[in-house]
>>> print(open('protein_25.csv').read())   # CSV, C-alpha atoms and all ligand atoms
chain,number,residue,atom,x,y,z
F,66,MET,CA,2.9,-4.7,47.2
F,67,SER,CA,-0.5,-4.3,45.7
F,68,ARG,CA,-2.1,-5.1,42.4
F,69,PHE,CA,-5.3,-3.5,41.1
F,70,LYS,CA,-7.3,-4.5,38.1
F,71,VAL,CA,-8.8,-1.5,36.2
F,72,GLU,CA,-11.9,-2.9,34.5
F,73,LEU,CA,-12.6,-0.9,31.4
F,74,LYS,CA,-14.7,-3.1,29.1
F,75,LYS,CA,-16.5,-0.9,26.7
F,76,ILE,CA,-19.6,-1.1,24.6
F,77,VAL,CA,-19.2,1.7,22.0
F,78,ASP,CA,-21.8,2.8,19.5
F,79,ASP,CA,-20.1,5.0,16.9
F,80,SER,CA,-22.8,4.6,14.3
F,81,TYR,CA,-23.5,7.6,12.1
F,82,ASP,CA,-25.3,8.7,9.0
F,83,ILE,CA,-23.9,9.7,5.7
F,84,GLU,CA,-26.2,12.1,3.8
F,85,ILE,CA,-25.7,12.4,0.1
F,86,GLY,CA,-27.4,15.3,-1.7
F,87,PHE,CA,-27.1,18.7,-3.5
F,88,GLY,CA,-26.5,21.7,-1.3
F,89,LEU,CA,-26.8,20.3,2.2
F,90,GLU,CA,-26.0,23.3,4.3
F,91,HIS,CA,-29.6,23.7,5.6
F,92,THR,CA,-29.9,20.0,6.3
F,93,LEU,CA,-26.7,20.4,8.4
F,94,LEU,CA,-28.3,23.3,10.3
F,95,THR,CA,-31.6,21.5,10.8
F,96,ASP,CA,-29.7,18.4,12.1
F,97,ILE,CA,-27.8,20.6,14.6
F,98,GLN,CA,-31.0,22.2,15.7
F,99,ASN,CA,-32.5,18.7,16.2
F,100,GLY,CA,-29.6,17.6,18.4
F,101,LEU,CA,-26.8,16.3,16.1
F,102,ALA,CA,-24.2,17.8,18.5
F,103,GLY,CA,-26.3,17.3,21.6
F,104,ALA,CA,-26.7,20.5,23.6
F,105,LEU,CA,-23.5,22.0,22.3
F,106,HIS,CA,-23.8,25.6,21.1
F,107,ARG,CA,-20.2,26.3,20.1
F,108,PHE,CA,-18.9,25.3,16.7
F,109,ALA,CA,-15.3,25.6,15.3
F,110,VAL,CA,-15.7,25.5,11.5
F,111,ILE,CA,-12.4,24.3,10.0
F,112,THR,CA,-11.8,24.9,6.3
F,113,ASP,CA,-9.1,25.7,3.9
F,114,SER,CA,-8.3,28.9,1.9
F,115,THR,CA,-10.1,27.7,-1.2
F,116,VAL,CA,-13.2,26.3,0.4
F,117,LYS,CA,-13.6,29.2,2.8
F,118,ASP,CA,-15.1,31.5,0.2
F,119,LEU,CA,-17.2,28.8,-1.4
F,120,TYR,CA,-18.8,27.0,1.6
F,121,GLY,CA,-16.9,27.7,4.8
F,122,ASP,CA,-18.1,31.3,5.2
F,123,ARG,CA,-21.7,30.3,4.3
F,124,ILE,CA,-21.9,27.6,7.0
F,125,TYR,CA,-20.2,29.8,9.6
F,126,GLN,CA,-22.7,32.7,8.9
F,127,MET,CA,-25.6,30.3,8.9
F,128,LEU,CA,-24.6,29.1,12.4
F,129,LEU,CA,-24.3,32.7,13.7
F,130,GLU,CA,-27.6,33.7,12.2
F,131,ALA,CA,-29.2,30.7,13.9
F,132,GLY,CA,-27.9,31.9,17.3
F,133,TYR,CA,-25.0,29.6,17.8
F,134,GLN,CA,-21.4,30.7,18.8
F,135,ALA,CA,-19.1,29.9,15.9
F,136,ASP,CA,-15.6,30.8,14.6
F,137,LEU,CA,-14.0,30.1,11.3
F,138,PHE,CA,-10.5,28.5,11.3
F,139,VAL,CA,-8.8,28.6,7.9
F,140,PHE,CA,-5.5,27.1,6.7
F,141,PRO,CA,-3.8,27.2,3.3
F,142,ALA,CA,-5.3,24.8,0.8
F,143,GLY,CA,-3.2,21.8,-0.3
F,144,GLU,CA,-1.7,18.5,0.9
F,145,THR,CA,1.4,20.3,2.1
F,146,SER,CA,-0.8,21.8,4.9
F,147,LYS,CA,-1.7,18.4,6.3
F,148,THR,CA,1.0,18.6,9.0
F,149,ARG,CA,1.5,18.5,12.7
F,150,ARG,CA,2.4,22.2,12.4
F,151,THR,CA,-1.0,23.1,10.9
F,152,LYS,CA,-2.7,21.0,13.5
F,153,GLU,CA,-0.9,22.9,16.3
F,154,GLN,CA,-1.8,26.2,14.7
F,155,LEU,CA,-5.5,25.3,14.5
F,156,GLU,CA,-5.4,24.1,18.2
F,157,ASP,CA,-3.6,27.3,19.3
F,158,ALA,CA,-6.2,29.4,17.5
F,159,MET,CA,-9.0,27.5,19.1
F,160,LEU,CA,-7.4,27.8,22.5
F,161,ALA,CA,-6.9,31.6,22.0
F,162,LYS,CA,-10.6,31.9,21.2
F,163,GLY,CA,-11.5,30.2,24.5
F,164,TYR,CA,-12.6,26.8,23.0
F,165,ARG,CA,-12.7,24.1,25.7
F,166,ARG,CA,-14.4,20.7,25.7
F,167,ASP,CA,-17.9,22.0,25.1
F,168,CYS,CA,-17.5,22.5,21.4
F,169,CYS,CA,-18.0,20.6,18.1
F,170,ILE,CA,-15.8,20.9,15.1
F,171,ILE,CA,-17.3,21.1,11.6
F,172,ALA,CA,-14.8,20.2,8.9
F,173,VAL,CA,-15.8,21.8,5.6
F,174,GLY,CA,-13.8,20.8,2.6
F,175,GLY,CA,-11.9,18.0,0.9
F,176,GLY,CA,-9.8,15.1,2.3
F,177,VAL,CA,-7.1,17.3,3.7
F,178,VAL,CA,-9.6,19.3,5.7
F,179,THR,CA,-11.5,16.3,7.0
F,180,ASP,CA,-8.3,14.3,7.9
F,181,LEU,CA,-6.8,17.2,9.7
F,182,ALA,CA,-10.0,18.5,11.5
F,183,GLY,CA,-10.9,15.0,12.5
F,184,PHE,CA,-7.5,14.5,14.1
F,185,VAL,CA,-7.7,17.9,15.9
F,186,ALA,CA,-11.2,16.8,17.2
F,187,GLY,CA,-9.7,13.5,18.4
F,188,THR,CA,-7.1,15.2,20.7
F,189,TYR,CA,-8.6,18.6,21.5
F,190,GLY,CA,-9.5,18.6,25.1
F,191,ARG,CA,-9.0,14.8,24.9
F,192,GLY,CA,-11.7,14.6,22.3
F,193,VAL,CA,-14.6,16.7,21.0
F,194,PRO,CA,-17.3,15.7,18.5
F,195,PHE,CA,-16.9,16.5,14.8
F,196,ILE,CA,-19.0,16.6,11.7
F,197,ASN,CA,-17.7,16.2,8.1
F,198,TYR,CA,-19.1,18.4,5.4
F,199,ALA,CA,-17.3,17.0,2.3
F,200,THR,CA,-17.1,19.2,-0.7
F,201,THR,CA,-14.9,17.2,-3.0
F,202,LEU,CA,-15.2,13.9,-4.9
F,203,LEU,CA,-12.1,12.6,-3.2
F,204,ALA,CA,-13.5,13.3,0.2
F,205,ALA,CA,-16.8,11.7,-0.7
F,206,ALA,CA,-15.2,8.7,-2.2
F,207,ASP,CA,-12.8,8.0,0.6
F,208,ALA,CA,-11.4,10.5,3.1
F,209,SER,CA,-14.5,11.8,4.9
F,210,VAL,CA,-16.0,8.3,5.4
F,211,GLY,CA,-14.6,5.7,7.7
F,212,GLY,CA,-13.0,7.6,10.5
F,213,LYS,CA,-9.3,7.6,9.5
F,214,THR,CA,-7.8,10.9,10.5
F,215,ALA,CA,-4.2,11.8,10.1
F,216,VAL,CA,-1.4,14.2,9.2
F,217,ASP,CA,1.6,13.7,6.9
F,218,THR,CA,5.2,13.9,8.0
F,219,PRO,CA,8.3,14.5,5.8
F,220,LEU,CA,8.8,10.7,5.8
F,221,ALA,CA,5.4,9.7,4.5
F,222,THR,CA,1.7,10.4,4.4
F,223,ASN,CA,-0.8,9.6,7.1
F,224,LEU,CA,1.6,7.9,9.6
F,225,ILE,CA,0.4,10.0,12.6
F,226,GLY,CA,-3.3,10.0,13.3
F,227,LEU,CA,-6.3,8.4,14.9
F,228,PHE,CA,-9.4,6.3,14.1
F,229,ASN,CA,-12.0,8.8,15.1
F,230,GLN,CA,-15.6,8.6,13.8
F,231,PRO,CA,-17.6,11.7,12.9
F,232,ARG,CA,-21.1,12.4,14.2
F,233,LYS,CA,-22.4,12.7,10.6
F,234,VAL,CA,-21.0,13.0,7.1
F,235,TYR,CA,-22.6,15.2,4.5
F,236,LEU,CA,-21.5,14.6,0.9
F,237,ASP,CA,-22.5,17.7,-1.1
F,238,VAL,CA,-22.5,16.6,-4.7
F,239,ALA,CA,-23.4,20.1,-5.9
F,240,ALA,CA,-20.0,21.3,-4.6
F,241,TRP,CA,-18.2,19.1,-7.2
F,242,LYS,CA,-19.2,21.6,-9.8
F,243,THR,CA,-16.7,24.1,-8.4
F,244,LEU,CA,-13.8,21.5,-8.5
F,245,PRO,CA,-10.9,22.0,-11.0
F,246,ALA,CA,-10.7,19.2,-13.5
F,247,ASP,CA,-7.6,17.6,-12.0
F,248,GLN,CA,-9.4,17.3,-8.6
F,249,VAL,CA,-12.3,15.6,-10.3
F,250,SER,CA,-10.0,13.1,-11.8
F,251,SER,CA,-8.2,12.6,-8.5
F,252,GLY,CA,-11.5,11.6,-6.8
F,253,LEU,CA,-12.3,9.3,-9.7
F,254,ALA,CA,-9.1,7.3,-8.9
F,255,GLU,CA,-10.5,6.3,-5.5
F,256,THR,CA,-13.8,5.5,-7.3
F,257,ILE,CA,-12.1,3.3,-9.8
F,258,LYS,CA,-10.2,1.6,-6.9
F,259,HIS,CA,-13.6,0.8,-5.3
F,260,ALA,CA,-14.8,-0.7,-8.6
F,261,ILE,CA,-11.7,-2.8,-9.0
F,262,ILE,CA,-11.9,-4.3,-5.5
F,263,ALA,CA,-15.6,-4.8,-5.2
F,264,SER,CA,-17.8,-4.1,-8.2
F,265,GLN,CA,-17.6,-5.1,-11.8
F,266,GLU,CA,-20.9,-3.3,-12.4
F,267,LEU,CA,-19.4,0.0,-11.1
F,268,PHE,CA,-16.3,-0.6,-13.3
F,269,GLN,CA,-18.6,-0.9,-16.3
F,270,TYR,CA,-20.7,2.1,-15.2
F,271,LEU,CA,-17.6,4.2,-15.0
F,272,ASP,CA,-16.5,3.1,-18.4
F,273,ALA,CA,-19.9,4.0,-19.9
F,274,HIS,CA,-20.4,7.3,-18.1
F,275,MET,CA,-17.0,8.8,-17.8
F,276,GLU,CA,-17.7,11.8,-19.9
F,277,GLU,CA,-20.8,12.7,-17.7
F,278,LEU,CA,-18.7,12.3,-14.6
F,279,LEU,CA,-15.9,14.5,-15.9
F,280,THR,CA,-18.5,17.2,-16.7
F,281,ILE,CA,-20.2,16.7,-13.3
F,282,GLU,CA,-23.6,15.5,-14.6
F,283,PRO,CA,-25.7,15.4,-11.4
F,284,GLU,CA,-27.3,12.0,-11.9
F,285,ALA,CA,-24.1,10.2,-12.7
F,286,CYS,CA,-22.3,11.9,-9.8
F,287,ALA,CA,-25.0,11.0,-7.3
F,288,HIS,CA,-24.8,7.4,-8.5
F,289,ILE,CA,-21.1,7.1,-7.9
F,290,ALA,CA,-21.3,8.9,-4.6
F,291,GLN,CA,-23.8,6.2,-3.4
F,292,GLU,CA,-21.7,3.3,-4.8
F,293,ASN,CA,-18.5,4.6,-3.3
F,294,CYS,CA,-20.2,4.9,0.1
F,295,LYS,CA,-21.8,1.4,-0.1
F,296,ILE,CA,-18.5,-0.2,-0.9
F,297,LYS,CA,-16.5,1.7,1.7
F,298,TYR,CA,-18.8,1.5,4.6
F,299,GLN,CA,-19.5,-2.2,4.1
F,300,VAL,CA,-15.7,-2.8,4.5
F,301,VAL,CA,-15.4,-0.3,7.5
F,302,MET,CA,-18.4,-1.8,9.3
F,303,LYS,CA,-16.6,-5.2,9.3
F,304,ASP,CA,-13.1,-4.0,10.1
F,305,GLU,CA,-13.0,-0.4,11.4
F,306,ARG,CA,-9.4,-0.7,12.8
F,307,GLU,CA,-7.9,-2.4,9.7
F,308,SER,CA,-6.9,-5.7,11.2
F,309,GLY,CA,-7.6,-7.5,7.9
F,310,LEU,CA,-10.4,-6.7,5.4
F,311,ARG,CA,-10.0,-2.9,5.5
F,312,GLU,CA,-6.5,-3.4,3.9
F,313,ILE,CA,-8.3,-4.0,0.6
F,314,LEU,CA,-9.1,-0.2,0.5
F,315,ASN,CA,-5.3,0.2,0.2
F,316,LEU,CA,-5.2,-1.2,-3.3
F,317,GLY,CA,-3.0,1.1,-5.4
F,318,HIS,CA,-1.8,2.9,-2.2
F,319,THR,CA,1.3,0.9,-1.5
F,320,VAL,CA,3.0,2.4,-4.6
F,321,GLY,CA,0.6,5.4,-4.7
F,322,ARG,CA,1.4,6.8,-1.2
F,323,ALA,CA,5.1,6.3,-1.8
F,324,ILE,CA,5.0,8.1,-5.2
F,325,GLU,CA,2.9,10.9,-3.7
F,326,THR,CA,5.6,11.6,-1.1
F,327,VAL,CA,8.5,11.2,-3.5
F,328,SER,CA,6.8,13.7,-5.9
F,329,GLY,CA,6.9,16.2,-3.1
F,330,TYR,CA,3.1,16.4,-3.6
F,331,ARG,CA,3.3,17.6,-7.2
F,332,LEU,CA,1.0,14.6,-7.8
F,333,LEU,CA,-2.4,14.9,-6.3
F,334,HIS,CA,-3.4,11.9,-4.1
F,335,GLY,CA,-5.6,10.4,-6.7
F,336,GLU,CA,-3.0,10.9,-9.5
F,337,ALA,CA,-0.5,9.0,-7.3
F,338,VAL,CA,-3.1,6.3,-6.6
F,339,SER,CA,-3.8,5.9,-10.3
F,340,ILE,CA,-0.1,5.1,-11.0
F,341,GLY,CA,-0.2,2.8,-8.0
F,342,LEU,CA,-3.2,1.0,-9.4
F,343,VAL,CA,-1.4,0.4,-12.6
F,344,ALA,CA,1.7,-0.9,-10.9
F,345,GLU,CA,-0.4,-3.2,-8.7
F,346,ALA,CA,-2.4,-4.5,-11.6
F,347,GLU,CA,0.9,-5.4,-13.2
F,348,LEU,CA,1.8,-7.3,-10.0
F,349,ALA,CA,-1.6,-9.1,-10.1
F,350,LEU,CA,-0.9,-10.0,-13.7
F,351,GLN,CA,2.5,-11.4,-12.8
F,352,LEU,CA,1.0,-13.4,-10.0
F,353,GLY,CA,-1.7,-14.8,-12.3
F,354,TYR,CA,-4.7,-13.1,-10.7
F,355,VAL,CA,-5.6,-10.9,-13.7
F,356,THR,CA,-5.4,-11.4,-17.4
F,357,GLU,CA,-3.6,-9.0,-19.8
F,358,ALA,CA,-7.0,-7.8,-21.0
F,359,GLU,CA,-8.1,-7.0,-17.4
F,360,ARG,CA,-4.8,-5.1,-16.7
F,361,ASP,CA,-5.4,-3.2,-19.9
F,362,ALA,CA,-9.0,-2.4,-18.9
F,363,VAL,CA,-7.7,-0.8,-15.7
F,364,VAL,CA,-5.1,1.3,-17.5
F,365,SER,CA,-7.7,2.4,-20.1
F,366,LEU,CA,-10.3,3.4,-17.5
F,367,LEU,CA,-7.8,5.4,-15.6
F,368,GLN,CA,-6.7,7.1,-18.8
F,369,LYS,CA,-10.4,7.8,-19.7
F,370,ALA,CA,-10.6,9.6,-16.3
F,371,LYS,CA,-7.6,11.7,-17.4
F,372,LEU,CA,-5.3,10.2,-14.8
F,373,PRO,CA,-1.6,9.5,-15.2
F,374,THR,CA,-0.7,5.8,-15.7
F,375,GLY,CA,3.1,6.0,-15.9
F,376,ILE,CA,5.8,7.2,-13.5
F,377,PRO,CA,6.8,10.8,-14.3
F,378,ASP,CA,10.4,11.4,-15.3
F,379,TYR,CA,11.1,13.6,-12.3
F,380,ILE,CA,10.5,10.6,-9.9
F,381,ASP,CA,13.7,9.0,-8.6
F,382,ARG,CA,12.7,5.3,-8.9
F,383,GLU,CA,15.3,4.1,-6.4
F,384,GLU,CA,13.9,6.5,-3.8
F,385,LEU,CA,10.4,5.2,-4.7
F,386,VAL,CA,11.4,1.6,-4.0
F,387,LYS,CA,12.9,2.7,-0.6
F,388,LYS,CA,9.8,4.7,0.2
F,389,LEU,CA,7.6,1.6,-0.1
F,390,TYR,CA,8.9,0.6,3.3
F,391,THR,CA,7.0,3.5,5.0
F,392,ASP,CA,3.7,1.7,4.1
F,393,LYS,CA,1.6,0.7,7.2
F,394,LYS,CA,1.1,-2.8,5.8
F,395,VAL,CA,4.8,-3.6,6.1
F,396,ARG,CA,5.3,-6.5,8.6
F,397,ASP,CA,8.7,-7.6,10.0
F,398,GLY,CA,10.4,-5.5,7.4
F,399,LYS,CA,8.6,-7.2,4.5
F,400,LEU,CA,6.5,-5.3,1.9
F,401,ARG,CA,2.9,-6.5,1.7
F,402,PHE,CA,0.5,-5.8,-1.1
F,403,VAL,CA,-3.3,-6.2,-1.7
F,404,ILE,CA,-3.8,-8.1,-4.9
F,405,GLN,CA,-6.8,-7.6,-7.2
F,406,LYS,CA,-8.6,-10.7,-8.5
F,407,GLY,CA,-10.0,-10.0,-12.0
F,408,ILE,CA,-12.1,-6.9,-11.9
F,409,GLY,CA,-14.4,-6.5,-8.9
F,410,ASN,CA,-12.6,-8.7,-6.4
F,411,VAL,CA,-9.5,-9.1,-4.4
F,412,VAL,CA,-7.5,-12.2,-3.3
F,413,GLU,CA,-8.1,-13.5,0.2
F,414,PHE,CA,-4.8,-15.3,1.0
F,415,GLU,CA,-6.0,-17.0,4.1
F,416,GLN,CA,-9.2,-16.4,6.1
F,417,GLY,CA,-9.3,-12.7,6.8
F,418,VAL,CA,-5.8,-12.0,5.3
F,419,PHE,CA,-5.9,-9.7,2.3
F,420,ALA,CA,-2.3,-8.6,1.8
F,421,THR,CA,0.6,-10.8,0.9
F,422,PRO,CA,4.4,-10.4,1.3
F,423,ILE,CA,6.1,-9.5,-2.0
F,424,GLU,CA,9.9,-9.6,-2.5
F,425,GLU,CA,11.4,-6.1,-3.0
F,426,ALA,CA,13.0,-7.4,-6.3
F,427,VAL,CA,9.6,-8.1,-7.7
F,428,ALA,CA,8.2,-4.7,-6.8
F,429,ARG,CA,11.4,-3.0,-8.0
F,430,GLU,CA,11.2,-4.7,-11.4
F,431,ILE,CA,7.6,-3.4,-11.9
F,432,ILE,CA,8.6,0.1,-10.8
F,433,MET,CA,11.7,0.2,-13.1
F,434,LYS,CA,9.7,-1.0,-16.1
F,435,LEU,CA,6.5,1.1,-15.7
F,436,SER,CA,6.6,3.8,-18.3
F,501,LIG,N1,-8.4,5.2,2.6
F,501,LIG,C1,-8.4,3.8,3.0
F,501,LIG,C2,-9.3,3.6,4.2
F,501,LIG,O1,-10.1,4.4,4.6
F,501,LIG,O2,-9.1,2.5,4.8
>>> encode(input="protein_25.csv", output="structure tokens", more="lines below")
Ligand code: GLY
Amino acid sequence: MSRFKVELKKIVDDSYDIEIGFGLEHTLLTDIQNGLAGALHRFAVITDSTVKDLYGDRIYQMLLEAGYQADLFVFPAGETSKTRRTKEQLEDAMLAKGYRRDCCIIAVGGGVVTDLAGFVAGTYGRGVPFINYATTLLAAADASVGGKTAVDTPLATNLIGLFNQPRKVYLDVAAWKTLPADQVSSGLAETIKHAIIASQELFQYLDAHMEELLTIEPEACAHIAQENCKIKYQVVMKDERESGLREILNLGHTVGRAIETVSGYRLLHGEAVSIGLVAEAELALQLGYVTEAERDAVVSLLQKAKLPTGIPDYIDREELVKKLYTDKKVRDGKLRFVIQKGIGNVVEFEQGVFATPIEEAVAREIIMKLS
């Protein structure tokens, strides 16, 4: 018998830039011309049926005009497209067009597009580079930054995926002007989450500037794009693979992701997170980490952002309690929650431990009472 040791120690540098600005298509092209994708000349532009006409076509044409090989791959807009089936269809379409490993994917769109395209990039030919061109507030606040890529399954959201970091992220704030009002609010839910976990100043800013944000006033939007990024990447740089600290970005998502699935995606991601933030503020109140005034401030800011703060009548609350167990923070069959501490902070239960076990009965009571 023999035994061999395969030495595979790695030093990885996955660093990348996030560029925030207004109308960044030409910056993207200049970066590619200056080597962002190395010597690659073939680009798969992945987008959805809504973003195609607004930005996807433009970026695709721009690449062709600059002498690159490019194709546009379009799937139907909406969270219900974020599936293994759509991933397979995109991969088959790329294979049919002759794409091999010498290509780069450009994701143009919101969180569904960047999550899906980043996952395709992670497995296509065992991995090709990708670039995120984020056109929504939700993608700017959360999805396009940090390297989480995934698809949903009928059981729950985001259970199948990869950590896969993009070559660069572009946050095109000008694109928010074309968002429907409910998508703006949905993105604001992730922004409010960031404020709750890390910045009382951002919380106050959101409270004072909500009207400007809802009407996409450029200066206010640029400010929150920067604040979202700062908060998120500071967490991701310390704990990319979510072994501890990164769980704080899950505030509101234990209940939020569950309610999003139980709603059959009638609720947008941010709408579901908003309800989750209220439920989890209620939990923090019960555990003595926030005051009633702080809980009320969370509810009132979410309402100011035109987000729902109660569980809709069509949600089966028993099913919702069961669905909590699909959360990735569950350990040994126990629900675990991140708990906010006042506004602008979270509870660290032990060094590096930011989620705590909560009895189902406690979570159930909050869910049953939340109106
Ligand atoms: N959306 C939470 C995270 O990126 O960790």
>>> residues_near_ligand(input="protein_25.csv", ligand="ligand LIG 501 (chain F)", cutoff="9 Å", atoms="only C-alpha atoms and all ligand atoms", output="ChimeraX atom specification")
/F:207-213,255,297,300-301,305-307,311-316,318
>>> residues_around(input="protein_25.csv", residues="region 396-409 of chain F", least_positions_apart="2", cutoff="7 Å", atoms="all atoms listed in the file", output="ChimeraX atom specification")
/F:260-265,313,315-316,319,346,349,354-355,359,390,394,411-412,419-423,425
>>> atom_distance(input="protein_25.csv", atom1="CA of Leu389 (chain F)", atom2="CA of Gly187 (chain F)")
28.0 Å
>>> atom_distance(input="protein_25.csv", atom1="CA of Lys303 (chain F)", atom2="CA of Ala254 (chain F)")
23.3 Å
>>> atom_distance(input="protein_25.csv", atom1="CA of Tyr330 (chain F)", atom2="CA of Glu144 (chain F)")
6.9 Å
>>> residues_near_point(input="protein_25.csv", point="(-6.6, 5.2, -17.6)", cutoff="10 Å", atoms="all atoms listed in the file", output="tab-separated table (two decimals) with C-alpha atoms, in the coordinates of the input")
chain	number	residue	atom	x	y	z
F	254	ALA	CA	-9.10	7.30	-8.90
F	257	ILE	CA	-12.10	3.30	-9.80
F	339	SER	CA	-3.80	5.90	-10.30
F	340	ILE	CA	-0.10	5.10	-11.00
F	342	LEU	CA	-3.20	1.00	-9.40
F	343	VAL	CA	-1.40	0.40	-12.60
F	361	ASP	CA	-5.40	-3.20	-19.90
F	362	ALA	CA	-9.00	-2.40	-18.90
F	363	VAL	CA	-7.70	-0.80	-15.70
F	364	VAL	CA	-5.10	1.30	-17.50
F	365	SER	CA	-7.70	2.40	-20.10
F	366	LEU	CA	-10.30	3.40	-17.50
F	367	LEU	CA	-7.80	5.40	-15.60
F	368	GLN	CA	-6.70	7.10	-18.80
F	369	LYS	CA	-10.40	7.80	-19.70
F	370	ALA	CA	-10.60	9.60	-16.30
F	371	LYS	CA	-7.60	11.70	-17.40
F	372	LEU	CA	-5.30	10.20	-14.80
F	373	PRO	CA	-1.60	9.50	-15.20
F	374	THR	CA	-0.70	5.80	-15.70
F	375	GLY	CA	3.10	6.00	-15.90
>>> closest_residue(input="protein_25.csv", among="F:Leu227, F:Val193, F:Leu129, F:Ala285", to="Arg166 (chain F)", atoms="only C-alpha atoms")
F:Val193
>>> closest_residue(input="protein_25.csv", among="F:Ala290, F:Ile281, F:Leu128, F:Ala428", to="Glu347 (chain F)", atoms="only C-alpha atoms")
F:Ala428
>>> residues_around(input="protein_25.csv", residues="His288 (chain F)", least_positions_apart="3", cutoff="12 Å", atoms="all atoms listed in the file", output="list in words")
Ile85, Gly86, Ala205, Ala206, Val238, Thr256, Leu267, Tyr270, Leu271, His274, Glu277, Leu278, Ile281, Glu282, Pro283, Glu284, Ala285, Gln291, Glu292, Asn293, Cys294 and Lys295 of chain F
>>> closest_residue(input="protein_25.csv", among="F:Met302, F:Ala273, F:Cys286, F:Ala215", to="Trp241 (chain F)", atoms="only C-alpha atoms")
F:Cys286
>>> residues_around(input="protein_25.csv", residues="Leu181 (chain F)", least_positions_apart="5", cutoff="10 Å", atoms="only C-alpha atoms", output="list in words")
Ile111, Thr112, Ser146, Lys147, Thr148, Arg149, Thr151, Lys152, Leu155, Ala172, Gly176, Ala186, Gly187, Lys213, Thr214, Ala215, Val216, Asp217 and Gly226 of chain F
>>> closest_residue(input="protein_25.csv", among="F:Glu90, F:Glu424, F:Glu430, F:Glu415", to="Arg382 (chain F)", atoms="only C-alpha atoms")
F:Glu430
>>> closest_atom_pairs(input="protein_25.csv", of="region 267-328 of chain F", to="region 219-225 of chain F", cutoff="9 Å", atoms="all atoms listed in the file", output="CSV")
residue,atom,partner,partner_atom,distance
F:Arg322,CA,F:Thr222,CA,6.7
F:Ala323,CA,F:Ala221,CA,7.2
F:Glu325,CA,F:Thr222,CA,8.2
F:Thr326,CA,F:Ala221,CA,5.9
F:Val327,CA,F:Ala221,CA,8.7
>>> closest_residue(input="protein_25.csv", among="F:Tyr189, F:Phe69, F:Tyr235, F:Phe228", to="Ala204 (chain F)", atoms="all atoms listed in the file")
F:Tyr235
>>> closest_residue(input="protein_25.csv", among="F:Glu84, F:Glu413, F:Asp167, F:Asp392", to="Asp237 (chain F)", atoms="all atoms listed in the file")
F:Glu84
>>> residues_near_point(input="protein_25.csv", point="(-21.6, 24.6, 17.9)", cutoff="10 Å", atoms="all atoms listed in the file", output="short mmCIF file (atom, residue, chain, number, x, y, z; two decimals) with C-alpha atoms, in the frame of the given file")
data_model
loop_
_atom_site.label_atom_id
_atom_site.label_comp_id
_atom_site.auth_asym_id
_atom_site.auth_seq_id
_atom_site.Cartn_x
_atom_site.Cartn_y
_atom_site.Cartn_z
CA ILE F 97 -27.80 20.60 14.60
CA GLN F 98 -31.00 22.20 15.70
CA LEU F 101 -26.80 16.30 16.10
CA ALA F 102 -24.20 17.80 18.50
CA GLY F 103 -26.30 17.30 21.60
CA ALA F 104 -26.70 20.50 23.60
CA LEU F 105 -23.50 22.00 22.30
CA HIS F 106 -23.80 25.60 21.10
CA ARG F 107 -20.20 26.30 20.10
CA PHE F 108 -18.90 25.30 16.70
CA ALA F 109 -15.30 25.60 15.30
CA VAL F 110 -15.70 25.50 11.50
CA TYR F 125 -20.20 29.80 9.60
CA LEU F 128 -24.60 29.10 12.40
CA LEU F 129 -24.30 32.70 13.70
CA GLY F 132 -27.90 31.90 17.30
CA TYR F 133 -25.00 29.60 17.80
CA GLN F 134 -21.40 30.70 18.80
CA ALA F 135 -19.10 29.90 15.90
CA ASP F 136 -15.60 30.80 14.60
CA ASP F 167 -17.90 22.00 25.10
CA CYS F 168 -17.50 22.50 21.40
CA CYS F 169 -18.00 20.60 18.10
CA ILE F 170 -15.80 20.90 15.10
CA ILE F 171 -17.30 21.10 11.60
CA PRO F 194 -17.30 15.70 18.50
CA PHE F 195 -16.90 16.50 14.80
#
>>> build_atoms(input="protein_25.csv", residues="region 249-256 of chain F", atoms="N, CA and C atoms", output="mmCIF file, in the coordinates of the input")
data_model
loop_
_atom_site.group_PDB
_atom_site.id
_atom_site.type_symbol
_atom_site.label_atom_id
_atom_site.label_comp_id
_atom_site.auth_asym_id
_atom_site.auth_seq_id
_atom_site.Cartn_x
_atom_site.Cartn_y
_atom_site.Cartn_z
ATOM 1 N N VAL F 249 -11.283 16.534 -9.905
ATOM 2 C CA VAL F 249 -12.300 15.600 -10.300
ATOM 3 C C VAL F 249 -11.697 14.243 -10.611
ATOM 4 N N SER F 250 -10.673 14.298 -11.448
ATOM 5 C CA SER F 250 -10.000 13.100 -11.800
ATOM 6 C C SER F 250 -9.386 12.385 -10.612
ATOM 7 N N SER F 251 -8.801 13.178 -9.723
ATOM 8 C CA SER F 251 -8.200 12.600 -8.500
ATOM 9 C C SER F 251 -9.218 11.818 -7.702
ATOM 10 N N GLY F 252 -10.414 12.370 -7.563
ATOM 11 C CA GLY F 252 -11.500 11.600 -6.800
ATOM 12 C C GLY F 252 -11.913 10.399 -7.576
ATOM 13 N N LEU F 253 -11.875 10.467 -8.905
ATOM 14 C CA LEU F 253 -12.300 9.300 -9.700
ATOM 15 C C LEU F 253 -11.319 8.125 -9.498
ATOM 16 N N ALA F 254 -10.066 8.407 -9.158
ATOM 17 C CA ALA F 254 -9.100 7.300 -8.900
ATOM 18 C C ALA F 254 -9.555 6.445 -7.760
ATOM 19 N N GLU F 255 -10.047 7.076 -6.683
ATOM 20 C CA GLU F 255 -10.500 6.300 -5.500
ATOM 21 C C GLU F 255 -11.803 5.527 -5.923
ATOM 22 N N THR F 256 -12.600 6.137 -6.802
ATOM 23 C CA THR F 256 -13.800 5.500 -7.300
ATOM 24 C C THR F 256 -13.475 4.246 -8.102
#
